[in-house]
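S.K.: The following file, model.csv, comprises CSV, C-alpha atoms:
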chain,number,residue,atom,x,y,z
A,25,MET,CA,-19.3,15.1,12.6
A,26,SER,CA,-17.2,15.3,9.4
A,27,ALA,CA,-14.8,12.6,8.4
A,28,SER,CA,-11.8,14.7,9.3
A,29,GLN,CA,-13.2,15.2,12.8
A,30,GLU,CA,-13.4,11.5,13.6
A,31,ALA,CA,-11.1,10.7,16.5
A,32,HIS,CA,-9.2,7.9,14.8
A,33,PHE,CA,-8.0,10.4,12.2
A,34,HIS,CA,-6.1,12.6,14.6
A,35,ASN,CA,-5.7,10.6,17.8
A,36,GLU,CA,-3.2,7.7,18.0
A,37,GLU,CA,-5.0,5.8,20.7
A,38,ALA,CA,-8.3,6.0,18.9
A,39,ALA,CA,-6.6,5.0,15.7
A,40,PHE,CA,-5.4,1.7,17.3
A,41,LYS,CA,-8.8,1.0,18.8
A,42,TYR,CA,-10.5,1.5,15.4
A,43,LEU,CA,-8.0,-0.8,13.6
A,44,GLU,CA,-8.2,-3.4,16.4
A,45,ALA,CA,-12.0,-3.5,16.1
A,46,ILE,CA,-11.6,-4.3,12.4
A,47,HIS,CA,-8.8,-6.9,12.6
A,48,TRP,CA,-9.5,-8.3,16.0
A,49,PRO,CA,-13.3,-8.5,16.5
A,50,HIS,CA,-12.9,-11.2,19.2
A,51,GLY,CA,-10.0,-9.6,21.0
A,52,PRO,CA,-6.2,-9.3,20.5
A,53,VAL,CA,-4.6,-12.0,18.4
A,54,CYS,CA,-1.0,-12.8,19.1
A,55,PRO,CA,0.8,-13.0,15.7
A,56,HIS,CA,3.6,-15.1,17.3
A,57,CYS,CA,1.5,-18.0,18.7
A,58,GLY,CA,-2.0,-17.3,17.3
A,59,VAL,CA,-3.8,-17.3,20.7
A,60,VAL,CA,-6.9,-15.1,20.7
A,61,ASN,CA,-7.9,-12.7,23.5
A,62,HIS,CA,-5.2,-13.8,26.0
A,63,ALA,CA,-3.0,-10.8,26.2
A,64,TYR,CA,-2.8,-7.6,28.4
A,65,ALA,CA,-2.2,-4.0,27.3
A,66,LEU,CA,1.1,-2.3,27.9
A,67,LYS,CA,1.6,1.4,28.7
A,68,GLN,CA,2.8,2.1,25.2
A,69,THR,CA,-0.1,2.9,22.9
A,70,GLY,CA,-1.4,-0.1,21.0
A,71,LYS,CA,1.1,-2.5,22.5
A,72,TYR,CA,0.1,-5.9,24.1
A,73,ARG,CA,2.0,-8.7,25.7
A,74,CYS,CA,0.9,-12.3,25.1
A,75,ALA,CA,-0.2,-14.0,28.3
A,76,GLU,CA,0.6,-17.5,27.1
A,77,LYS,CA,3.5,-18.9,29.2
A,78,LEU,CA,5.4,-20.3,26.2
A,79,CYS,CA,5.1,-17.0,24.3
A,80,ARG,CA,5.1,-13.8,26.3
A,81,LYS,CA,6.0,-11.7,23.3
A,82,ASN,CA,5.0,-8.1,22.6
A,83,PHE,CA,2.8,-7.2,19.6
A,84,SER,CA,0.4,-4.7,18.1
A,85,VAL,CA,-2.2,-4.7,15.5
A,86,ARG,CA,0.4,-3.3,13.0
A,87,ILE,CA,2.3,-6.6,12.9
A,88,GLY,CA,1.6,-8.6,9.7
A,89,THR,CA,0.1,-5.7,7.9
A,90,ILE,CA,1.3,-3.0,5.5
A,91,PHE,CA,1.8,-0.7,8.6
A,92,GLU,CA,4.3,-3.0,10.3
A,93,ASP,CA,7.6,-1.3,9.6
A,94,SER,CA,6.3,2.2,9.0
A,95,PRO,CA,7.4,5.1,11.2
A,96,ILE,CA,4.2,7.0,10.2
A,97,LYS,CA,1.6,7.5,12.9
A,98,LEU,CA,-1.3,5.1,12.5
A,99,HIS,CA,-3.9,7.9,12.6
A,100,LYS,CA,-2.2,9.4,9.5
A,101,TRP,CA,-2.4,6.1,7.8
A,102,LEU,CA,-6.1,5.8,8.5
A,103,PHE,CA,-6.8,9.3,7.2
A,104,ALA,CA,-4.8,8.5,4.0
A,105,PHE,CA,-6.9,5.3,3.6
A,106,TYR,CA,-10.1,7.3,4.0
A,107,LEU,CA,-9.0,10.0,1.4
A,108,MET,CA,-8.2,7.3,-1.2
A,109,CYS,CA,-11.4,5.4,-0.5
A,110,ALA,CA,-13.7,8.5,-0.6
A,111,SER,CA,-12.2,10.1,-3.7
A,112,LYS,CA,-14.1,8.8,-6.7
A,113,LYS,CA,-11.4,9.8,-9.2
A,114,GLY,CA,-8.5,9.2,-6.9
A,115,ILE,CA,-6.3,11.6,-4.9
A,116,SER,CA,-2.7,12.4,-5.8
A,117,SER,CA,0.3,11.7,-3.6
A,118,HIS,CA,1.0,15.5,-3.7
A,119,GLN,CA,-2.4,16.1,-2.1
A,120,ILE,CA,-1.8,13.4,0.5
A,121,HIS,CA,1.6,15.0,1.2
A,122,ARG,CA,0.0,18.4,1.9
A,123,MET,CA,-2.9,17.2,3.9
A,124,LEU,CA,-1.0,14.8,6.2
A,125,GLY,CA,2.2,16.9,6.6
A,126,VAL,CA,4.5,14.1,5.4
A,127,THR,CA,7.1,14.3,2.6
A,128,TYR,CA,6.1,13.7,-1.0
A,129,LYS,CA,8.3,10.6,-1.1
A,130,THR,CA,6.5,9.2,2.0
A,131,ALA,CA,3.1,10.0,0.6
A,132,TRP,CA,3.9,8.4,-2.7
A,133,PHE,CA,5.0,5.2,-0.9
A,134,MET,CA,1.9,5.3,1.4
A,135,THR,CA,-0.4,5.5,-1.6
A,136,HIS,CA,1.2,2.4,-3.2
A,137,ARG,CA,0.9,0.4,0.0
A,138,ILE,CA,-2.8,1.4,0.2
A,139,ARG,CA,-3.3,0.3,-3.4
A,140,LEU,CA,-1.9,-3.1,-2.4
A,141,ALA,CA,-4.4,-3.3,0.5
A,142,MET,CA,-7.1,-2.5,-2.0
A,143,THR,CA,-6.0,-5.3,-4.3
A,144,GLU,CA,-8.6,-8.1,-4.1
A,145,THR,CA,-7.7,-11.7,-4.7
A,146,GLY,CA,-9.2,-15.2,-4.5
A,147,ALA,CA,-12.7,-14.2,-5.6
A,148,ALA,CA,-15.1,-16.6,-7.4
A,149,PRO,CA,-15.4,-16.3,-11.2
A,150,LEU,CA,-17.7,-13.6,-12.4
A,151,GLY,CA,-21.1,-14.5,-13.8
A,152,GLY,CA,-21.5,-17.8,-11.9
A,153,GLY,CA,-25.2,-17.4,-11.8
A,154,GLY,CA,-25.5,-16.8,-15.5
A,155,GLU,CA,-25.2,-13.0,-15.2
A,156,PRO,CA,-24.0,-10.9,-18.2
A,157,VAL,CA,-20.2,-10.2,-18.0
A,158,GLU,CA,-19.0,-7.3,-20.2
A,159,VAL,CA,-15.4,-7.3,-21.5
A,160,ASP,CA,-13.6,-4.5,-23.2
A,161,GLU,CA,-10.1,-3.0,-23.5
A,162,ALA,CA,-8.8,0.5,-23.0
A,163,TYR,CA,-5.6,2.2,-24.0
A,164,TRP,CA,-3.6,4.7,-22.0
A,165,GLY,CA,-0.5,7.0,-22.4
A,166,ASN,CA,2.8,6.4,-24.1
A,167,ASP,CA,2.0,9.1,-26.7
A,168,GLY,CA,5.7,10.0,-26.9
A,169,LYS,CA,6.6,6.4,-27.8
A,170,GLN,CA,4.7,6.1,-31.0
A,171,VAL,CA,6.9,5.2,-34.0
A,172,PRO,CA,6.5,7.5,-37.0
A,173,GLY,CA,4.1,5.9,-39.4
A,174,GLN,CA,2.8,3.5,-36.8
A,175,ARG,CA,-0.9,3.2,-36.8
A,176,GLY,CA,-3.5,2.2,-34.1
A,177,TYR,CA,-2.8,1.7,-30.4
A,178,LYS,CA,0.1,-0.7,-30.4
A,179,HIS,CA,2.4,1.8,-28.7
A,180,LYS,CA,-0.1,2.5,-25.8
A,181,MET,CA,-0.5,0.7,-22.5
A,182,LYS,CA,-3.4,-1.7,-22.5
A,183,ILE,CA,-6.0,-2.6,-19.9
A,184,VAL,CA,-8.6,-5.2,-20.3
A,185,SER,CA,-11.6,-5.1,-17.8
A,186,LEU,CA,-14.2,-7.7,-17.0
A,187,VAL,CA,-17.4,-6.4,-15.4
A,188,GLU,CA,-20.3,-8.4,-14.1
A,189,ARG,CA,-23.3,-6.3,-14.7
A,190,GLU,CA,-24.6,-5.0,-11.4
A,191,GLY,CA,-21.6,-6.7,-9.8
A,192,GLU,CA,-17.8,-6.7,-9.6
A,193,LYS,CA,-15.0,-5.5,-12.0
A,194,ARG,CA,-11.5,-6.9,-12.6
A,195,SER,CA,-8.9,-5.2,-14.7
A,196,PHE,CA,-5.6,-6.5,-16.1
A,197,HIS,CA,-2.7,-4.6,-17.6
A,198,VAL,CA,-1.7,-6.7,-20.6
A,199,ALA,CA,1.2,-6.5,-23.0
A,200,ASN,CA,-1.0,-7.2,-26.1
A,201,VAL,CA,-4.7,-7.5,-26.8
A,202,THR,CA,-4.7,-10.9,-28.5
A,203,ALA,CA,-6.6,-14.1,-28.0
A,204,ALA,CA,-3.6,-15.8,-26.6
A,205,THR,CA,-3.3,-13.1,-23.9
A,206,LEU,CA,-6.9,-12.7,-23.1
A,207,GLU,CA,-8.3,-16.2,-23.1
A,208,PRO,CA,-6.5,-17.5,-20.0
A,209,ILE,CA,-7.5,-14.3,-18.1
A,210,MET,CA,-11.1,-14.6,-19.1
A,211,LYS,CA,-11.3,-18.4,-18.5
A,212,LYS,CA,-9.9,-18.0,-15.0
A,213,ASN,CA,-12.0,-15.0,-14.0
A,214,ILE,CA,-15.4,-15.6,-15.8
A,215,SER,CA,-17.6,-18.6,-15.1
A,216,GLU,CA,-18.5,-20.8,-18.1
A,217,LYS,CA,-22.1,-20.2,-17.1
A,218,ALA,CA,-21.8,-16.5,-17.8
A,219,ARG,CA,-23.3,-14.6,-20.8
A,220,LEU,CA,-20.3,-12.8,-22.4
A,221,MET,CA,-20.9,-9.4,-23.9
A,222,THR,CA,-18.2,-7.7,-26.1
A,223,ASP,CA,-17.9,-5.4,-29.1
A,224,GLU,CA,-17.3,-6.8,-32.5
A,225,ALA,CA,-13.5,-7.1,-32.1
A,226,SER,CA,-12.3,-10.4,-33.7
A,227,VAL,CA,-10.1,-11.2,-30.7
A,228,TYR,CA,-13.2,-12.3,-28.7
A,229,THR,CA,-14.7,-14.5,-31.4
A,230,ASN,CA,-13.2,-17.9,-30.5
A,231,ILE,CA,-12.9,-17.0,-26.8
A,232,GLY,CA,-16.6,-16.6,-26.6
A,233,ASP,CA,-17.1,-20.4,-27.2
A,234,ASN,CA,-15.9,-20.9,-23.6
A,235,PHE,CA,-19.1,-19.4,-22.1
A,236,ALA,CA,-22.8,-20.1,-22.1
A,237,MET,CA,-23.5,-17.3,-24.5
A,238,HIS,CA,-21.5,-14.7,-26.5
A,239,ALA,CA,-23.3,-11.7,-27.8
A,240,THR,CA,-21.8,-8.6,-29.5
A,241,VAL,CA,-22.6,-5.0,-30.4
A,242,ASN,CA,-21.1,-3.5,-33.5
A,243,HIS,CA,-19.7,-0.1,-32.5
A,244,SER,CA,-18.4,0.6,-36.0
A,245,GLU,CA,-22.0,0.7,-37.2
A,246,GLY,CA,-23.2,2.9,-34.3
A,247,GLU,CA,-24.7,0.0,-32.4
A,248,TYR,CA,-24.4,0.3,-28.6
A,249,ALA,CA,-27.3,-1.7,-27.1
A,250,VAL,CA,-29.5,-4.4,-28.5
A,251,GLN,CA,-32.5,-5.8,-26.5
A,252,THR,CA,-33.0,-9.5,-27.2
A,253,ARG,CA,-35.8,-11.6,-25.8
A,254,THR,CA,-33.8,-12.6,-22.8
A,255,VAL,CA,-31.0,-10.0,-22.2
A,256,LEU,CA,-29.8,-6.5,-23.1
A,257,VAL,CA,-26.6,-6.8,-25.1
A,258,THR,CA,-24.3,-3.9,-24.4
A,259,THR,CA,-20.8,-3.1,-23.2
A,260,ASN,CA,-22.0,0.3,-21.7
A,261,THR,CA,-21.2,-0.8,-18.1
A,262,VAL,CA,-17.5,-1.6,-18.7
A,263,GLU,CA,-17.1,1.5,-20.9
A,264,SER,CA,-18.5,3.6,-18.1
A,265,SER,CA,-16.0,2.1,-15.7
A,266,PHE,CA,-13.2,3.0,-18.2
A,267,ALA,CA,-14.5,6.6,-18.4
A,268,LEU,CA,-14.1,6.9,-14.6
A,269,LEU,CA,-10.6,5.3,-14.7
A,270,LYS,CA,-9.4,7.7,-17.5
A,271,ARG,CA,-10.8,10.8,-15.8
A,272,GLY,CA,-8.7,9.8,-12.8
A,273,LEU,CA,-5.6,9.1,-14.8
A,274,HIS,CA,-5.9,12.3,-16.8
A,275,GLY,CA,-7.3,14.7,-14.2
A,276,THR,CA,-5.8,13.4,-10.9
A,277,PHE,CA,-2.5,11.5,-11.7
A,278,HIS,CA,-1.6,13.0,-15.1
A,279,HIS,CA,1.2,10.5,-15.6
A,280,VAL,CA,1.2,6.8,-14.6
A,281,SER,CA,4.2,4.6,-15.6
A,282,GLU,CA,3.7,1.2,-17.1
A,283,ALA,CA,5.4,-0.4,-14.1
A,284,HIS,CA,2.6,0.9,-11.7
A,285,LEU,CA,-0.4,0.9,-14.0
A,286,GLN,CA,-1.8,-2.4,-12.6
A,287,ARG,CA,-1.9,-0.9,-9.1
A,288,TYR,CA,-3.8,2.1,-10.2
A,289,ALA,CA,-6.3,-0.1,-12.0
A,290,ASN,CA,-6.7,-2.2,-8.8
A,291,GLU,CA,-7.5,1.0,-6.9
A,292,PHE,CA,-10.3,1.9,-9.3
A,293,ASP,CA,-11.6,-1.6,-9.3
A,294,PHE,CA,-11.8,-1.6,-5.5
A,295,ARG,CA,-13.8,1.6,-5.4
A,296,TRP,CA,-16.1,0.2,-8.2
A,297,ASN,CA,-16.6,-3.1,-6.3
A,298,ASN,CA,-17.4,-1.1,-3.1
A,299,ARG,CA,-19.5,1.6,-4.6
A,300,ILE,CA,-22.6,3.3,-3.2
A,301,LYS,CA,-24.8,1.5,-5.7
A,302,LEU,CA,-23.9,-1.7,-4.0
A,303,GLY,CA,-24.7,-0.3,-0.6
A,304,VAL,CA,-21.2,0.6,0.5
A,305,ASN,CA,-20.6,4.1,1.9
A,306,ASP,CA,-17.2,5.9,2.4
A,307,ALA,CA,-16.7,4.6,5.9
A,308,GLN,CA,-17.5,1.0,5.0
A,309,ARG,CA,-15.3,1.2,2.0
A,310,THR,CA,-12.4,2.4,4.1
A,311,ALA,CA,-13.0,-0.4,6.6
A,312,ASN,CA,-13.0,-2.9,3.7
A,313,ALA,CA,-9.7,-1.5,2.5
A,314,LEU,CA,-8.2,-1.7,6.0
A,315,ARG,CA,-9.2,-5.4,6.2
A,316,GLY,CA,-7.1,-5.9,3.0
A,317,ALA,CA,-4.1,-4.4,4.7
A,318,GLU,CA,-3.6,-7.6,6.7
A,319,GLY,CA,-1.1,-10.2,5.4
A,320,LYS,CA,0.5,-7.9,2.8
A,321,ARG,CA,3.9,-6.3,2.7
A,322,LEU,CA,5.5,-3.9,0.2
A,323,THR,CA,9.0,-2.5,0.4
A,324,TYR,CA,10.1,0.8,-1.1
A,325,ARG,CA,12.6,-1.0,-3.3
A,326,GLU,CA,9.7,-2.9,-4.9
A,327,VAL,CA,8.0,0.3,-6.0
A,328,ALA,CA,10.9,2.9,-6.2
A,329,PRO,CA,10.7,4.9,-9.4
As structure tokens, please, write out the structure in this file.
M.R.:
Amino acid sequence: MSASQEAHFHNEEAAFKYLEAIHWPHGPVCPHCGVVNHAYALKQTGKYRCAEKLCRKNFSVRIGTIFEDSPIKLHKWLFAFYLMCASKKGISSHQIHRMLGVTYKTAWFMTHRIRLAMTETGAAPLGGGGEPVEVDEAYWGNDGKQVPGQRGYKHKMKIVSLVEREGEKRSFHVANVTAATLEPIMKKNISEKARLMTDEASVYTNIGDNFAMHATVNHSEGEYAVQTRTVLVTTNTVESSFALLKRGLHGTFHHVSEAHLQRYANEFDFRWNNRIKLGVNDAQRTANALRGAEGKRLTYREVAP
């Protein structure tokens, strides 16, 4: 059975049962009083009434999630989640709009809410077991904003990514690539036990003192990997992740504004952190994203272009 034939992608009752199994593994949880598995189903699809005498309020699994105030059918939401989780280079809002039969404005807002669900927070610092953590920066867009005579990448939008080799990735849209900007980000997200890997950029020189080791490769001299006695020094992993991000930005989305760039980076980080190489398939990745839908809200006013 193909993904599009799964019952929860076209049947509303099946969609509720699927989401309930993810968010309520031990039975319905009343969002009003917090009591678990003491509620009874109502005739309306997905609706329950709390059986606690002091509560007796109605609820559904949508409450307290990004779906709460949405008029869109839940099965369409689940299909949109699957499409975004299964598309390695992303899927455009126009394509979502055509496949789900919703307006482009609705599809655009849905994709931003899904990116919020994909945003991972509260994780432990990278490299806590002494693993190599690669750090590099990438530059995107703003070609029309270059000042005549201006050199380099100052006019472009900037993303810095931290990648634990064979592990997770975290990306940050920053105003400037300077030591003052990067040091607090790196100290917060990389363990002091980590072995830091960067290119020869001087911005990392003093920051590297915060970690157990700082090794570099000199790209300007054609150096991309150096095997030492204990570790392979390279930034190839983080650069590979940037290649995937840029293919998505160029080939799928074409234009991403600075106001929303962080959300797109979060989307690509999520798929990287839930990739096949780590044993996560498309269905599991979708379920993980749906778990992230809980406890998050995003209004249209917050993302309106």
S.K.: At a cut-off of 12 Å, can you tabulate as JSON lines every residue of segment 271-302 of chain A near segment 308-322 of chain A together with its closest atom pair and the distance in Å to one decimal, using all atoms listed in the file and ordering rows by chain then number?
M.R.:
{"residue": "A:Asn290", "atom": "CA", "partner": "A:Ala313", "partner_atom": "CA", "distance": 11.7}
{"residue": "A:Glu291", "atom": "CA", "partner": "A:Ala313", "partner_atom": "CA", "distance": 10.0}
{"residue": "A:Asp293", "atom": "CA", "partner": "A:Ala313", "partner_atom": "CA", "distance": 12.0}
{"residue": "A:Phe294", "atom": "CA", "partner": "A:Ala313", "partner_atom": "CA", "distance": 8.3}
{"residue": "A:Arg295", "atom": "CA", "partner": "A:Arg309", "partner_atom": "CA", "distance": 7.6}
{"residue": "A:Trp296", "atom": "CA", "partner": "A:Arg309", "partner_atom": "CA", "distance": 10.3}
{"residue": "A:Asn297", "atom": "CA", "partner": "A:Arg309", "partner_atom": "CA", "distance": 9.4}
{"residue": "A:Asn298", "atom": "CA", "partner": "A:Arg309", "partner_atom": "CA", "distance": 6.0}
{"residue": "A:Arg299", "atom": "CA", "partner": "A:Arg309", "partner_atom": "CA", "distance": 7.8}
{"residue": "A:Ile300", "atom": "CA", "partner": "A:Arg309", "partner_atom": "CA", "distance": 9.2}
{"residue": "A:Leu302", "atom": "CA", "partner": "A:Arg309", "partner_atom": "CA", "distance": 10.9}
S.K.: What does the distance from atom CA of Val198 of chain A to atom CA of Ser281 of chain A come to in Å, to one decimal?
M.R.: 13.7 Å
S.K.: Using all atoms listed in the file for the distances, tell me which of A:Pro55, A:Lys77, A:Phe103, A:Asn213 is nearest to Tyr42 of chain A.
M.R.: A:Phe103
S.K.: Just to confirm, what's the straight-line distance from atom CA of Lys301 of chain A to atom CA of Tyr106 of chain A in Å (one decimal)?
M.R.: 18.5 Å
S.K.: Do a neighbour search on Thr240 of chain A at 8 Å with all atoms listed in the file, toss out local chain neighbours closer than 6 positions, and write the hits as a list in words.
M.R.: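 Non-adjacent residues within range: Met221, Thr222, Asp223, Glu224, Val257 and Thr258 of chain A.
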S.K.: Could you tell me how far atom CA of Ile90 of chain A lies from atom CA of Arg137 of chain A, in Å and to one decimal?
M.R.: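 Result for atom CA of Ile90 of chain A versus atom CA of Arg137 of chain A: 6.5 Å, one decimal.
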S.K.: I'd like the neighbourhood of Trp101 of chain A as a PyMOL selection string, where a residue qualifies if any of its atoms comes within 12 Å (using all atoms listed in the file), though same-chain residues fewer than 2 positions away should be ignored.
M.R.: chain A and resi 32-36+39-40+43+86+90-92+94-99+103-108+120-121+123-126+130-131+133-135+137-138+310+313-314+317
S.K.: Using all atoms listed in the file, which of A:Asp160, A:Asn200, A:His47, A:Tyr248 sits nearest Lys178 of chain A?
M.R.: A:Asn200
S.K.: Within 9 Å of Leu273 of chain A, counting only C-alpha atoms, which residues qualify if same-chain residues fewer than 3 places away don't, as a list of chain:residue names?
M.R.: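 Here the answer would be A:Lys113, A:Gly114, A:Trp164, A:Leu268, A:Leu269, A:Lys270, A:Thr276, A:Phe277, A:His278, A:His279, A:Val280, A:Tyr288.
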S.K.: Just the residues within 10 Å of Ala283 of chain A, please, counting only C-alpha atoms, with nothing from its chain fewer than 2 positions along; format it as a PDB file with C-alpha atoms, in the coordinates of the input.
M.R.:
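So part.pdb came out as:
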ATOM      1  CA  HIS A 197      -2.700  -4.600 -17.600  1.00  0.00           C
ATOM      2  CA  VAL A 280       1.200   6.800 -14.600  1.00  0.00           C
ATOM      3  CA  SER A 281       4.200   4.600 -15.600  1.00  0.00           C
ATOM      4  CA  LEU A 285      -0.400   0.900 -14.000  1.00  0.00           C
ATOM      5  CA  GLN A 286      -1.800  -2.400 -12.600  1.00  0.00           C
ATOM      6  CA  ARG A 287      -1.900  -0.900  -9.100  1.00  0.00           C
ATOM      7  CA  VAL A 327       8.000   0.300  -6.000  1.00  0.00           C
ATOM      8  CA  PRO A 329      10.700   4.900  -9.400  1.00  0.00           C
TER       9      PRO A 329
END
S.K.: Excluding Arg189 of chain A and its own-chain neighbours fewer than 3 positions away, which residues fall within 9 Å of it when counting all atoms listed in the file? Please give them as a ChimeraX atom specification.
M.R.: /A:151,155-158,192-193,261-262
S.K.: Those residues with C-alpha atoms, as an mmCIF file, in the frame of the given file please?
M.R.:
data_model
loop_
_atom_site.group_PDB
_atom_site.id
_atom_site.type_symbol
_atom_site.label_atom_id
_atom_site.label_comp_id
_atom_site.auth_asym_id
_atom_site.auth_seq_id
_atom_site.Cartn_x
_atom_site.Cartn_y
_atom_site.Cartn_z
ATOM 1 C CA GLY A 151 -21.100 -14.500 -13.800
ATOM 2 C CA GLU A 155 -25.200 -13.000 -15.200
ATOM 3 C CA PRO A 156 -24.000 -10.900 -18.200
ATOM 4 C CA VAL A 157 -20.200 -10.200 -18.000
ATOM 5 C CA GLU A 158 -19.000 -7.300 -20.200
ATOM 6 C CA GLU A 192 -17.800 -6.700 -9.600
ATOM 7 C CA LYS A 193 -15.000 -5.500 -12.000
ATOM 8 C CA THR A 261 -21.200 -0.800 -18.100
ATOM 9 C CA VAL A 262 -17.500 -1.600 -18.700
#
S.K.: Counting only C-alpha atoms, which of A:Asn305, A:His136, A:Thr143, A:Val241 gets nearest to Thr323 of chain A?
M.R.: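 Checking each candidate against Thr323 of chain A, we get A:His136 as the closest.
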S.K.: From the options A:His118, A:His56, A:Arg73, A:His284, which residue's atoms come nearest to Met181 of chain A, counting all atoms listed in the file?
M.R.: A:His284
S.K.: Using all atoms listed in the file, pick whichever of A:Val184, A:Val250, A:Ala65, A:Val85 has the shortest atom-to-atom distance to Glu207 of chain A.
M.R.: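 Selected residue with least distance to Glu207 of chain A: A:Val184.
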